[in-house]
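Printed here is run.cif (mmCIF, C-alpha atoms):
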data_upload
loop_
_atom_site.label_atom_id
_atom_site.label_comp_id
_atom_site.auth_asym_id
_atom_site.auth_seq_id
_atom_site.Cartn_x
_atom_site.Cartn_y
_atom_site.Cartn_z
CA MET A 1 85.63 104.75 -75.24
CA GLY A 2 85.38 101.37 -73.55
CA THR A 3 88.20 99.00 -72.76
CA VAL A 4 88.76 95.72 -74.50
CA ASN A 5 87.17 93.91 -71.56
CA ASP A 6 84.03 96.03 -71.86
CA ARG A 7 83.65 95.06 -75.50
CA LYS A 8 84.06 91.36 -74.84
CA GLU A 9 80.86 89.53 -74.30
CA ARG A 10 80.48 88.60 -70.67
CA ARG A 11 80.03 84.91 -70.08
CA GLU A 12 77.51 83.55 -67.68
CA PRO A 13 78.80 81.15 -65.03
CA GLN A 14 78.64 77.52 -66.04
CA ARG A 15 77.03 74.83 -63.96
CA MET A 16 79.56 72.59 -62.20
CA GLY A 17 78.02 69.45 -63.74
CA ASP A 18 78.56 70.85 -67.23
CA VAL A 19 82.18 71.74 -66.48
CA VAL A 20 82.88 68.25 -65.07
CA ALA A 21 81.20 66.60 -68.08
CA GLN A 22 83.34 68.65 -70.48
CA LEU A 23 86.50 67.78 -68.58
CA MET A 24 85.64 64.09 -68.54
CA ALA A 25 84.98 64.11 -72.27
CA ARG A 26 88.30 65.87 -73.00
CA ARG A 27 90.35 63.58 -70.80
CA GLY A 28 88.65 60.32 -71.80
CA TYR A 29 87.37 59.57 -68.30
CA ALA A 30 83.88 58.90 -69.63
CA ARG A 31 85.24 55.96 -71.62
CA VAL A 32 86.90 54.54 -68.51
CA LEU A 33 83.69 54.91 -66.51
CA ALA A 34 81.67 53.30 -69.29
CA GLN A 35 84.11 50.37 -69.43
CA SER A 36 83.88 49.75 -65.70
CA GLN A 37 80.10 50.04 -65.89
CA TYR A 38 80.10 47.45 -68.70
CA GLU A 39 82.16 45.10 -66.55
CA VAL A 40 79.78 45.34 -63.59
CA VAL A 41 76.72 44.75 -65.77
CA TRP A 42 78.49 41.97 -67.71
CA GLN A 43 79.18 40.06 -64.50
CA GLU A 44 75.56 40.44 -63.38
CA ILE A 45 74.26 39.13 -66.71
CA VAL A 46 76.59 36.20 -67.41
CA GLY A 47 77.49 35.32 -63.83
CA SER A 48 80.82 35.51 -62.03
CA ASP A 49 82.07 32.11 -63.25
CA ILE A 50 81.77 33.06 -66.92
CA ALA A 51 82.88 36.65 -66.26
CA ARG A 52 86.18 35.34 -64.83
CA GLN A 53 86.78 33.52 -68.11
CA THR A 54 86.19 36.58 -70.25
CA ARG A 55 87.66 40.02 -70.77
CA LEU A 56 85.72 42.90 -72.27
CA GLY A 57 87.42 44.76 -75.06
CA GLN A 58 86.55 48.07 -76.66
CA VAL A 59 83.22 49.03 -78.16
CA HIS A 60 83.67 49.87 -81.83
CA ARG A 61 80.71 50.98 -83.93
CA SER A 62 78.28 49.74 -81.25
CA VAL A 63 79.89 46.28 -81.16
CA LEU A 64 81.38 45.12 -77.86
CA ASN A 65 84.40 42.84 -78.31
CA VAL A 66 84.55 40.06 -75.74
CA PHE A 67 87.63 37.87 -75.35
CA VAL A 68 87.03 34.37 -73.99
CA GLN A 69 89.34 31.64 -72.69
CA HIS A 70 88.33 28.83 -75.04
CA SER A 71 86.15 27.98 -78.02
CA VAL A 72 83.57 26.01 -76.00
CA LEU A 73 82.79 29.11 -73.96
CA MET A 74 82.72 31.19 -77.13
CA GLN A 75 80.12 28.83 -78.60
CA GLU A 76 77.99 28.96 -75.43
CA LEU A 77 78.05 32.75 -75.39
CA THR A 78 77.25 32.87 -79.10
CA PHE A 79 74.10 30.85 -78.42
CA ARG A 80 73.14 33.32 -75.68
CA LYS A 81 74.14 36.44 -77.63
CA LEU A 82 70.63 37.79 -78.31
CA GLU A 83 69.63 37.32 -74.67
CA ILE A 84 72.81 39.02 -73.44
CA VAL A 85 72.44 41.99 -75.81
CA LYS A 86 68.84 42.53 -74.70
CA LYS A 87 69.88 42.48 -71.03
CA LEU A 88 72.77 44.88 -71.73
CA GLN A 89 70.38 47.26 -73.47
CA ALA A 90 67.93 47.07 -70.57
CA ALA A 91 70.69 47.79 -68.05
CA LEU A 92 72.72 50.39 -69.97
CA GLY A 93 70.13 52.11 -72.15
CA ALA A 94 71.58 54.27 -74.93
CA GLN A 95 75.16 53.37 -73.96
CA ALA A 96 74.56 49.66 -74.56
CA PRO A 97 76.23 47.91 -77.49
CA LYS A 98 73.97 46.73 -80.29
CA ASP A 99 75.99 43.57 -80.92
CA LEU A 100 78.71 41.37 -79.42
CA ARG A 101 81.78 39.84 -81.07
CA PHE A 102 83.42 36.93 -79.29
CA ARG A 103 87.07 36.01 -79.80
CA VAL A 104 89.30 33.45 -78.19
CA GLY A 105 92.06 35.34 -76.36
CA ALA A 106 95.29 33.73 -75.26
CA ASP A 107 96.07 36.33 -72.57
CA LEU A 108 93.15 35.50 -70.26
#
As structure tokens - that is how I would like this structure written.
Amino acid sequence: MGTVNDRKERREPQRMGDVVAQLMARRGYARVLAQSQYEVVWQEIVGSDIARQTRLGQVHRSVLNVFVQHSVLMQELTFRKLEIVKKLQAALGAQAPKDLRFRVGADL
């Protein structure tokens, strides 16, 4: 008669990349990496002057929330929204937001 260990199905070793990906997903690191990647791409697309006047919020249901310093900047970015979304999609692929929502934020 075999031992309990003999009856258990033996697992194959996992690839290190798979283990790291699982850990990142559990701990929320992937979200942090995605956010920092958004910020780098955002600055490249809108330029450093505008990027300094904005703060990226969370992505919710494929909509990236962007907080801006004042309503004039919000209006300018609204006019450029389609162009910005297309550039985000080109740079980020499947992780890119499908839309942007601009809001005036007092804490910028």
Taking the file as shown, what set of residues would the PyMOL selection byres ((chain A and resi 65) around 8) give back, as an MDAnalysis selection string?
chainID A and resid 56:60 63:64 66:67 100:103
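Minimum distance to A:Leu82 across A:Glu39, A:Gly47, A:Ser62, A:Lys98 (counting only C-alpha atoms) occurs at A:Lys98.
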Atom CA of A:Ser48 to atom CA of A:Ala94: how many Å, to one decimal?
24.6 Å
If the PyMOL selection byres ((chain A and resi 89) around 12) is run on the structure shown, which residues does it catch, given as number ranges by chain?
A: 38, 41-42, 45, 62, 82-88, 90-100
Contacts of A:Gln69 within 12 Å, all atoms listed in the file, excl. fewer than 4 positions in-chain, as an mmCIF file with C-alpha atoms, in the frame of the given file:
data_model
loop_
_atom_site.group_PDB
_atom_site.id
_atom_site.type_symbol
_atom_site.label_atom_id
_atom_site.label_comp_id
_atom_site.auth_asym_id
_atom_site.auth_seq_id
_atom_site.Cartn_x
_atom_site.Cartn_y
_atom_site.Cartn_z
ATOM 1 C CA ASP A 49 82.070 32.110 -63.250
ATOM 2 C CA ILE A 50 81.770 33.060 -66.920
ATOM 3 C CA ALA A 51 82.880 36.650 -66.260
ATOM 4 C CA ARG A 52 86.180 35.340 -64.830
ATOM 5 C CA GLN A 53 86.780 33.520 -68.110
ATOM 6 C CA THR A 54 86.190 36.580 -70.250
ATOM 7 C CA ARG A 55 87.660 40.020 -70.770
ATOM 8 C CA LEU A 56 85.720 42.900 -72.270
ATOM 9 C CA LEU A 73 82.790 29.110 -73.960
ATOM 10 C CA MET A 74 82.720 31.190 -77.130
ATOM 11 C CA GLN A 75 80.120 28.830 -78.600
ATOM 12 C CA GLU A 76 77.990 28.960 -75.430
ATOM 13 C CA LEU A 77 78.050 32.750 -75.390
ATOM 14 C CA PHE A 102 83.420 36.930 -79.290
ATOM 15 C CA ARG A 103 87.070 36.010 -79.800
ATOM 16 C CA VAL A 104 89.300 33.450 -78.190
ATOM 17 C CA GLY A 105 92.060 35.340 -76.360
ATOM 18 C CA ALA A 106 95.290 33.730 -75.260
ATOM 19 C CA ASP A 107 96.070 36.330 -72.570
ATOM 20 C CA LEU A 108 93.150 35.500 -70.260
#
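Of note, atom CA of A:Ser36 and atom CA of A:Arg61 are spaced 18.5 Å apart.
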Draw an axis-aligned box over all listed atoms of stretch 65-75 of chain A, pad each side with 8 Å, and write its centre and edge lengths in Å, one decimal, as AutoDock Vina command-line options.
--center_x 84.7 --center_y 34.4 --center_z -75.6 --size_x 25.2 --size_y 32.8 --size_z 21.9
